[in-house]
Amino acid sequence: MGKTKLINVPSVQIVDIGDQGMGIGKDAEGKVYLILDAVPGDIMDIEVKMRRSRVSYARPILRTKDSTWRQDPFCQHFGVCGGCKWQHMAYQGQLEYKQKNVFDALTRIGGIVQPVIRPIQGVTEDRYYRNKLDFSFGNRKWLDSSELDQTEEINKNALGFHRPGSFEKIVDIQHCYLQADPSNAIRNFIRSYAFDQHFTFYDVKLHTGLLRNLIIRTALDGSTMVTIVFGEDLPDQILMLNHAITKAYPSITLYNIINLKHNDTIFDQALHLIQGAGYLIETLGHLKCKVGPKSFFQTNSLQAGRLYRFIEEFAELQGHETVFDLYSGTGTIGLFLAHKAKSIIGVEEVREAVEDANINASLNLISNAVFHTGDVKKMLQEGLLSDAGPDDLIILDPPRAGLHQDAIPILLTSGVRRIVYVSCNPATQARDLKLLSSAYRHVMSQPVDMFPHTAHIENVTLLHLI
Ligand code: SAH
């Protein structure tokens, strides 16, 4: 294997799209290629860059037919920053391929014959849909070709996203379509103030530099929380920056964190509240949630509300059920359903998320929900479901890896008539459905698009005891 000399292949048909945004093409002999800047429906002549036995990597030399799904990416940073990898495909096309992805996973991996899959729920807002973005400051700016050609000295300080594949480089973001204003305005204000004052930007190799990370959270009501993480403790400069920001943005919540460690995590770091209430109140459908600077939270609030309504529909609660909300995060699924059930029992391994779940229960005056900190597999093994009756409900919302395999036999013998399995990875969900299929049959799935212009898919699946 390995590199061979470059070859050209004519008339390759693009038949699918991969999660990194590369088109998947087939030549006349059925050989498969992963191709840069290719959209399903395109036909193109390609140059093979790297040959492998199963799939080769290629780039287009001549596009002889344009897919009807092809569109010009709307973001100036497309292809460089690493986000929104499907932006060169029309949104309707993206939805079609996400639907296909769920179908392929359920049939090929799950072995489900003719699964009932409802049409994917798309978004109403395909831009500015995230409520949280993490930006990094860095002194190694990713330079575009015009900057590389420039002869005079360029300012290498940047504020934006890490360049995938060369992590110490920062793509300097001028406008990001992922988060509503004032996100772009605040980020650009801080960058320009820092330039004016000659503040230093973080050096990831030397671990020096004042400005390190910037986390911006926004809520649907427009309220905003900004957390600035400093890599050095320089009180005079920090004070100046805080003063400038609070003067320009008097109604935001502003936090400072001084992080002198080598890693970027802020969970073990002290928070200093500079201005504002200190938290946001976000709405997920009828639920109000308190979101602090360290909270885990659904990143697309509007669409999460829709996702939860599908869960509610599949749950068909009558009011006498105990709902086991497994992998409960900040408890939002269980709390969303609490008014329709007798009780909610949540299990989540991250202690801080469980604390948020309890705060959110009080905020919504919900008294029939308890959240346990623990490992789902362990708690199942210790008899979490031993009192579960057939009318009770299990909700599963595991991380991308899917269910722990030791959890499967316990779920199989739970006797609970209905399971609602929410997944952000149709492949692992399909694997788990196959493992559960001796006792539970697939009734239907509802895919939901939470992240337009990316390959991510959320799939809600209803299972019935056979
Ligand atoms: N249901 C939540 C979040 C689901 S994300 C919501 O709708 O927002 C998956 C969650 O599972 C994460 O919060 C993660 O911390 C948790 N988790 C991962 N592995 C776990 C395990 N083995 N036991 C318990 N929780 C786990």
# chains A, B, ... in the order shown; residues from 1 in each chain; ligands from 1

call {"tool": "select_by_dssp", "arguments": {"residues": "stretch 275-394 of chain A", "states": "strand (DSSP E)", "output": "PyMOL selection string"}}
result
chain A and resi 275+280-284+287-291+322-326+343-348+369-373+393-394

call {"tool": "residues_around", "arguments": {"residues": "stretch 165-180 of chain A", "least_positions_apart": "4", "cutoff": "10 Å", "atoms": "only C-alpha atoms", "output": "short mmCIF file (atom, residue, chain, number, x, y, z; two decimals) with C-alpha atoms, in the first residue's frame"}}
result
data_model
loop_
_atom_site.label_atom_id
_atom_site.label_comp_id
_atom_site.auth_asym_id
_atom_site.auth_seq_id
_atom_site.Cartn_x
_atom_site.Cartn_y
_atom_site.Cartn_z
CA PHE A 74 -21.84 31.34 2.26
CA CYS A 75 -19.01 31.59 4.79
CA GLN A 76 -15.66 33.18 3.96
CA HIS A 77 -13.95 30.69 6.29
CA PHE A 78 -15.47 27.57 4.64
CA VAL A 80 -10.40 26.46 6.40
CA CYS A 81 -11.90 26.62 9.88
CA GLY A 82 -13.09 23.01 9.95
CA GLY A 83 -16.74 23.67 10.83
CA CYS A 84 -19.85 23.51 8.61
CA ASP A 126 -29.88 27.13 9.43
CA ARG A 127 -27.63 29.98 10.58
CA TYR A 128 -26.83 31.39 14.02
CA TYR A 129 -28.28 28.31 15.68
CA ARG A 130 -25.66 27.56 18.35
CA ASN A 131 -25.90 28.99 21.84
CA LYS A 132 -22.23 28.44 22.69
CA LEU A 133 -18.93 28.94 20.90
CA PHE A 135 -12.81 30.64 20.58
CA SER A 136 -9.08 30.51 21.15
CA PHE A 137 -6.48 33.25 21.12
CA GLY A 138 -3.14 32.30 19.62
CA ASN A 139 0.07 33.82 18.35
CA ARG A 140 0.34 31.49 15.36
CA LYS A 141 -2.25 32.67 12.90
CA TRP A 142 -3.26 30.37 10.05
CA LEU A 143 -2.25 32.40 7.00
CA ASP A 144 -4.25 32.33 3.79
CA LYS A 156 0.38 36.70 13.74
CA ASN A 157 -2.02 37.12 16.67
CA ALA A 158 -5.42 35.62 15.97
CA LEU A 159 -8.74 34.92 17.67
CA GLY A 160 -10.89 32.16 16.27
CA PHE A 161 -10.82 28.38 15.92
CA ASN A 184 -19.38 38.26 16.28
CA ALA A 185 -19.38 41.85 17.51
CA ARG A 187 -15.26 38.68 19.56
CA ASN A 188 -14.13 41.27 17.04
CA ARG A 191 -9.56 41.30 19.24
CA ASP A 203 1.48 30.58 22.82
CA VAL A 204 0.42 26.93 23.07
CA LYS A 205 3.98 25.64 23.02
CA ILE A 216 -19.55 33.14 24.38
CA ARG A 217 -22.99 31.83 25.32
CA THR A 218 -26.22 33.30 24.06
CA ALA A 219 -29.83 32.52 24.92
CA LEU A 220 -32.93 32.67 22.74
CA GLY A 222 -30.81 37.58 23.39
CA THR A 224 -25.31 36.90 26.56
CA ASN A 300 -29.12 24.25 19.56
CA PHE A 451 -26.55 20.82 13.25
CA PRO A 452 -27.14 22.13 9.71
#

call {"tool": "closest_residue", "arguments": {"among": "A:Ile333, A:Ile311, A:Leu234, A:Ile344", "to": "ligand 1", "atoms": "only C-alpha atoms and all ligand atoms"}}
result
A:Ile333

call {"tool": "residues_near_ligand", "arguments": {"ligand": "ligand 1", "cutoff": "6 Å", "atoms": "only C-alpha atoms and all ligand atoms", "output": "PDB file with N, CA and C atoms, in the first residue's frame"}}
result
ATOM      1  N   GLN A 298     -27.548  21.538  25.845  1.00  0.00           N
ATOM      2  CA  GLN A 298     -27.851  21.350  24.429  1.00  0.00           C
ATOM      3  C   GLN A 298     -27.399  22.590  23.669  1.00  0.00           C
ATOM      4  N   TYR A 327     -28.418   8.451  31.002  1.00  0.00           N
ATOM      5  CA  TYR A 327     -27.497   9.415  30.375  1.00  0.00           C
ATOM      6  C   TYR A 327     -28.208  10.773  30.333  1.00  0.00           C
ATOM      7  N   SER A 328     -28.545  11.274  31.506  1.00  0.00           N
ATOM      8  CA  SER A 328     -29.492  12.394  31.586  1.00  0.00           C
ATOM      9  C   SER A 328     -28.853  13.760  31.401  1.00  0.00           C
ATOM     10  N   GLY A 329     -27.527  13.875  31.390  1.00  0.00           N
ATOM     11  CA  GLY A 329     -26.903  15.193  31.221  1.00  0.00           C
ATOM     12  C   GLY A 329     -27.419  16.156  32.278  1.00  0.00           C
ATOM     13  N   THR A 332     -32.497  17.524  31.187  1.00  0.00           N
ATOM     14  CA  THR A 332     -33.532  18.260  30.468  1.00  0.00           C
ATOM     15  C   THR A 332     -34.613  17.367  29.846  1.00  0.00           C
ATOM     16  N   ILE A 333     -34.273  16.151  29.414  1.00  0.00           N
ATOM     17  CA  ILE A 333     -35.326  15.300  28.830  1.00  0.00           C
ATOM     18  C   ILE A 333     -36.322  14.920  29.930  1.00  0.00           C
ATOM     19  N   VAL A 347     -29.976   9.291  35.475  1.00  0.00           N
ATOM     20  CA  VAL A 347     -28.626   8.822  35.811  1.00  0.00           C
ATOM     21  C   VAL A 347     -27.632   9.476  34.864  1.00  0.00           C
ATOM     22  N   GLU A 348     -26.600  10.074  35.463  1.00  0.00           N
ATOM     23  CA  GLU A 348     -25.600  10.816  34.701  1.00  0.00           C
ATOM     24  C   GLU A 348     -24.288  10.748  35.462  1.00  0.00           C
ATOM     25  N   GLU A 349     -23.175  10.547  34.728  1.00  0.00           N
ATOM     26  CA  GLU A 349     -21.908  10.368  35.448  1.00  0.00           C
ATOM     27  C   GLU A 349     -21.212  11.674  35.813  1.00  0.00           C
ATOM     28  N   VAL A 350     -21.553  12.774  35.144  1.00  0.00           N
ATOM     29  CA  VAL A 350     -20.863  14.041  35.433  1.00  0.00           C
ATOM     30  C   VAL A 350     -21.599  14.780  36.562  1.00  0.00           C
ATOM     31  N   GLY A 374     -23.778   8.775  38.578  1.00  0.00           N
ATOM     32  CA  GLY A 374     -23.252   7.409  38.518  1.00  0.00           C
ATOM     33  C   GLY A 374     -23.130   6.921  37.092  1.00  0.00           C
ATOM     34  N   ASP A 375     -22.523   5.741  36.984  1.00  0.00           N
ATOM     35  CA  ASP A 375     -22.329   5.101  35.694  1.00  0.00           C
ATOM     36  C   ASP A 375     -23.584   4.269  35.381  1.00  0.00           C
ATOM     37  N   VAL A 376     -24.152   4.470  34.211  1.00  0.00           N
ATOM     38  CA  VAL A 376     -25.401   3.794  33.851  1.00  0.00           C
ATOM     39  C   VAL A 376     -25.264   2.272  33.963  1.00  0.00           C
ATOM     40  N   ASP A 397     -30.073   7.988  26.110  1.00  0.00           N
ATOM     41  CA  ASP A 397     -29.471   9.059  25.291  1.00  0.00           C
ATOM     42  C   ASP A 397     -27.953   9.034  25.475  1.00  0.00           C
ATOM     43  N   PRO A 398     -27.319   7.906  25.050  1.00  0.00           N
ATOM     44  CA  PRO A 398     -25.892   7.744  25.330  1.00  0.00           C
ATOM     45  C   PRO A 398     -25.015   8.635  24.454  1.00  0.00           C
ATOM     46  N   PRO A 399     -23.732   8.761  24.800  1.00  0.00           N
ATOM     47  CA  PRO A 399     -22.812   9.483  23.921  1.00  0.00           C
ATOM     48  C   PRO A 399     -22.565   8.707  22.620  1.00  0.00           C
TER      49      PRO A 399
END

call {"tool": "closest_residue", "arguments": {"among": "A:Asn368, A:Gln237, A:Thr283, A:Ser362", "to": "A:Arg306", "atoms": "only C-alpha atoms"}}
result
A:Thr283

call {"tool": "select_by_dssp", "arguments": {"residues": "stretch 349-380 of chain A", "states": "helix (DSSP H, G or I)", "output": "NGL selection string"}}
result
:A and (351-363 or 376-380)

call {"tool": "atom_distance", "arguments": {"atom1": "atom CA of A:Lys434", "atom2": "atom CA of A:Lys31"}}
result
29.7 Å

call {"tool": "closest_residue", "arguments": {"among": "A:Arg52, A:Ser295, A:Met450, A:Leu411", "to": "A:Arg351", "atoms": "only C-alpha atoms"}}
result
A:Ser295

call {"tool": "closest_atom_pairs", "arguments": {"of": "stretch 274-301 of chain A", "to": "stretch 245-250 of chain A", "cutoff": "12 Å", "atoms": "only C-alpha atoms", "output": "Markdown table"}}
result
| residue | atom | partner | partner_atom | distance |
| --- | --- | --- | --- | --- |
| A:Ile274 | CA | A:Thr246 | CA | 8.5 |
| A:Gln275 | CA | A:Thr246 | CA | 7.2 |
| A:Gly276 | CA | A:Pro250 | CA | 8.3 |
| A:Ala277 | CA | A:Pro250 | CA | 11.7 |

call {"tool": "write_last_selection", "arguments": {"atoms": "N, CA, C and O atoms", "output": "PDB file, in the first residue's frame"}}
result
ATOM      1  N   ILE A 274     -17.533  39.467  36.853  1.00  0.00           N
ATOM      2  CA  ILE A 274     -17.167  40.885  36.704  1.00  0.00           C
ATOM      3  C   ILE A 274     -18.418  41.745  36.560  1.00  0.00           C
ATOM      4  O   ILE A 274     -18.493  42.854  37.072  1.00  0.00           O
ATOM      5  N   GLN A 275     -19.392  41.218  35.830  1.00  0.00           N
ATOM      6  CA  GLN A 275     -20.613  42.007  35.584  1.00  0.00           C
ATOM      7  C   GLN A 275     -21.777  41.062  35.309  1.00  0.00           C
ATOM      8  O   GLN A 275     -21.573  39.998  34.735  1.00  0.00           O
ATOM      9  N   GLY A 276     -22.979  41.463  35.701  1.00  0.00           N
ATOM     10  CA  GLY A 276     -24.182  40.735  35.279  1.00  0.00           C
ATOM     11  C   GLY A 276     -24.666  39.715  36.282  1.00  0.00           C
ATOM     12  O   GLY A 276     -24.105  39.550  37.373  1.00  0.00           O
ATOM     13  N   ALA A 277     -25.722  39.004  35.881  1.00  0.00           N
ATOM     14  CA  ALA A 277     -26.406  38.067  36.774  1.00  0.00           C
ATOM     15  C   ALA A 277     -25.581  36.809  37.046  1.00  0.00           C
ATOM     16  O   ALA A 277     -25.791  36.127  38.042  1.00  0.00           O
TER      17      ALA A 277
END

call {"tool": "residues_around", "arguments": {"residues": "A:Leu435", "least_positions_apart": "2", "cutoff": "12 Å", "atoms": "only C-alpha atoms", "output": "ChimeraX atom specification"}}
result
/A:109-112,402-412,428-433,437-442

call {"tool": "atom_distance", "arguments": {"atom1": "atom CA of A:Asn263", "atom2": "atom CA of A:Tyr202"}}
result
12.1 Å

call {"tool": "residues_around", "arguments": {"residues": "A:Leu62", "least_positions_apart": "2", "cutoff": "8 Å", "atoms": "only C-alpha atoms", "output": "PyMOL selection string"}}
result
chain A and resi 44-46+60+64

call {"tool": "write_last_selection", "arguments": {"atoms": "N, CA, C and O atoms", "output": "PDB file, in the first residue's frame"}}
result
ATOM      1  N   MET A  44     -17.433  14.057 -12.428  1.00  0.00           N
ATOM      2  CA  MET A  44     -16.163  14.774 -12.585  1.00  0.00           C
ATOM      3  C   MET A  44     -15.005  13.856 -12.961  1.00  0.00           C
ATOM      4  O   MET A  44     -15.040  12.654 -12.696  1.00  0.00           O
ATOM      5  N   ASP A  45     -14.008  14.472 -13.589  1.00  0.00           N
ATOM      6  CA  ASP A  45     -12.738  13.774 -13.804  1.00  0.00           C
ATOM      7  C   ASP A  45     -11.883  14.101 -12.584  1.00  0.00           C
ATOM      8  O   ASP A  45     -11.855  15.252 -12.135  1.00  0.00           O
ATOM      9  N   ILE A  46     -11.204  13.102 -12.080  1.00  0.00           N
ATOM     10  CA  ILE A  46     -10.461  13.322 -10.836  1.00  0.00           C
ATOM     11  C   ILE A  46      -9.001  12.928 -10.967  1.00  0.00           C
ATOM     12  O   ILE A  46      -8.621  12.157 -11.854  1.00  0.00           O
ATOM     13  N   PRO A  60     -10.899  16.965  -7.687  1.00  0.00           N
ATOM     14  CA  PRO A  60     -11.453  17.131  -9.028  1.00  0.00           C
ATOM     15  C   PRO A  60     -10.469  17.825  -9.963  1.00  0.00           C
ATOM     16  O   PRO A  60      -9.718  18.701  -9.513  1.00  0.00           O
ATOM     17  N   THR A  64     -17.766  17.786 -14.993  1.00  0.00           N
ATOM     18  CA  THR A  64     -18.506  17.760 -16.258  1.00  0.00           C
ATOM     19  C   THR A  64     -20.004  17.912 -16.015  1.00  0.00           C
ATOM     20  O   THR A  64     -20.757  18.250 -16.913  1.00  0.00           O
TER      21      THR A  64
END

call {"tool": "atom_distance", "arguments": {"atom1": "atom CA of A:Leu273", "atom2": "atom CA of A:Thr208"}}
result
23.7 Å

call {"tool": "closest_residue", "arguments": {"among": "A:Val323, A:Leu317, A:Val116, A:Val39", "to": "A:Leu462", "atoms": "only C-alpha atoms"}}
result
A:Val116

call {"tool": "residues_around", "arguments": {"residues": "A:Asn364", "least_positions_apart": "2", "cutoff": "8 Å", "atoms": "only C-alpha atoms", "output": "ChimeraX atom specification"}}
result
/A:287-288,360-362,366

call {"tool": "residues_around", "arguments": {"residues": "stretch 13-20 of chain A", "least_positions_apart": "2", "cutoff": "6 Å", "atoms": "only C-alpha atoms", "output": "MDAnalysis selection string"}}
result
chainID A and resid 22:26 40:43 455

call {"tool": "write_last_selection", "arguments": {"atoms": "N, CA, C and O atoms", "output": "PDB file, in the first residue's frame"}}
result
ATOM      1  N   MET A  22     -16.323  15.291   2.335  1.00  0.00           N
ATOM      2  CA  MET A  22     -15.797  14.834   1.049  1.00  0.00           C
ATOM      3  C   MET A  22     -16.873  14.029   0.325  1.00  0.00           C
ATOM      4  O   MET A  22     -17.616  13.269   0.946  1.00  0.00           O
ATOM      5  N   GLY A  23     -16.914  14.215  -1.006  1.00  0.00           N
ATOM      6  CA  GLY A  23     -17.852  13.436  -1.786  1.00  0.00           C
ATOM      7  C   GLY A  23     -17.348  12.004  -1.925  1.00  0.00           C
ATOM      8  O   GLY A  23     -16.134  11.754  -1.926  1.00  0.00           O
ATOM      9  N   ILE A  24     -18.286  11.064  -2.026  1.00  0.00           N
ATOM     10  CA  ILE A  24     -17.904   9.668  -2.230  1.00  0.00           C
ATOM     11  C   ILE A  24     -18.263   9.328  -3.672  1.00  0.00           C
ATOM     12  O   ILE A  24     -19.425   9.432  -4.067  1.00  0.00           O
ATOM     13  N   GLY A  25     -17.237   9.014  -4.461  1.00  0.00           N
ATOM     14  CA  GLY A  25     -17.451   8.798  -5.885  1.00  0.00           C
ATOM     15  C   GLY A  25     -17.139   7.375  -6.299  1.00  0.00           C
ATOM     16  O   GLY A  25     -16.389   6.666  -5.621  1.00  0.00           O
ATOM     17  N   LYS A  26     -17.765   6.963  -7.422  1.00  0.00           N
ATOM     18  CA  LYS A  26     -17.486   5.620  -7.961  1.00  0.00           C
ATOM     19  C   LYS A  26     -17.127   5.765  -9.428  1.00  0.00           C
ATOM     20  O   LYS A  26     -17.787   6.510 -10.157  1.00  0.00           O
ATOM     21  N   PRO A  40     -22.916  14.989  -3.960  1.00  0.00           N
ATOM     22  CA  PRO A  40     -23.674  13.911  -4.608  1.00  0.00           C
ATOM     23  C   PRO A  40     -24.448  14.451  -5.817  1.00  0.00           C
ATOM     24  O   PRO A  40     -25.123  15.465  -5.701  1.00  0.00           O
ATOM     25  N   GLY A  41     -24.303  13.760  -6.938  1.00  0.00           N
ATOM     26  CA  GLY A  41     -24.942  14.234  -8.172  1.00  0.00           C
ATOM     27  C   GLY A  41     -23.930  14.823  -9.150  1.00  0.00           C
ATOM     28  O   GLY A  41     -24.167  14.861 -10.359  1.00  0.00           O
ATOM     29  N   ASP A  42     -22.775  15.274  -8.656  1.00  0.00           N
ATOM     30  CA  ASP A  42     -21.721  15.764  -9.556  1.00  0.00           C
ATOM     31  C   ASP A  42     -21.165  14.598 -10.386  1.00  0.00           C
ATOM     32  O   ASP A  42     -21.142  13.447  -9.914  1.00  0.00           O
ATOM     33  N   ILE A  43     -20.689  14.922 -11.574  1.00  0.00           N
ATOM     34  CA  ILE A  43     -19.865  13.971 -12.335  1.00  0.00           C
ATOM     35  C   ILE A  43     -18.552  14.697 -12.642  1.00  0.00           C
ATOM     36  O   ILE A  43     -18.581  15.875 -13.040  1.00  0.00           O
ATOM     37  N   ALA A 455     -22.354  16.885   9.249  1.00  0.00           N
ATOM     38  CA  ALA A 455     -22.873  15.537   9.017  1.00  0.00           C
ATOM     39  C   ALA A 455     -23.655  14.996  10.222  1.00  0.00           C
ATOM     40  O   ALA A 455     -24.194  13.903  10.152  1.00  0.00           O
TER      41      ALA A 455
END
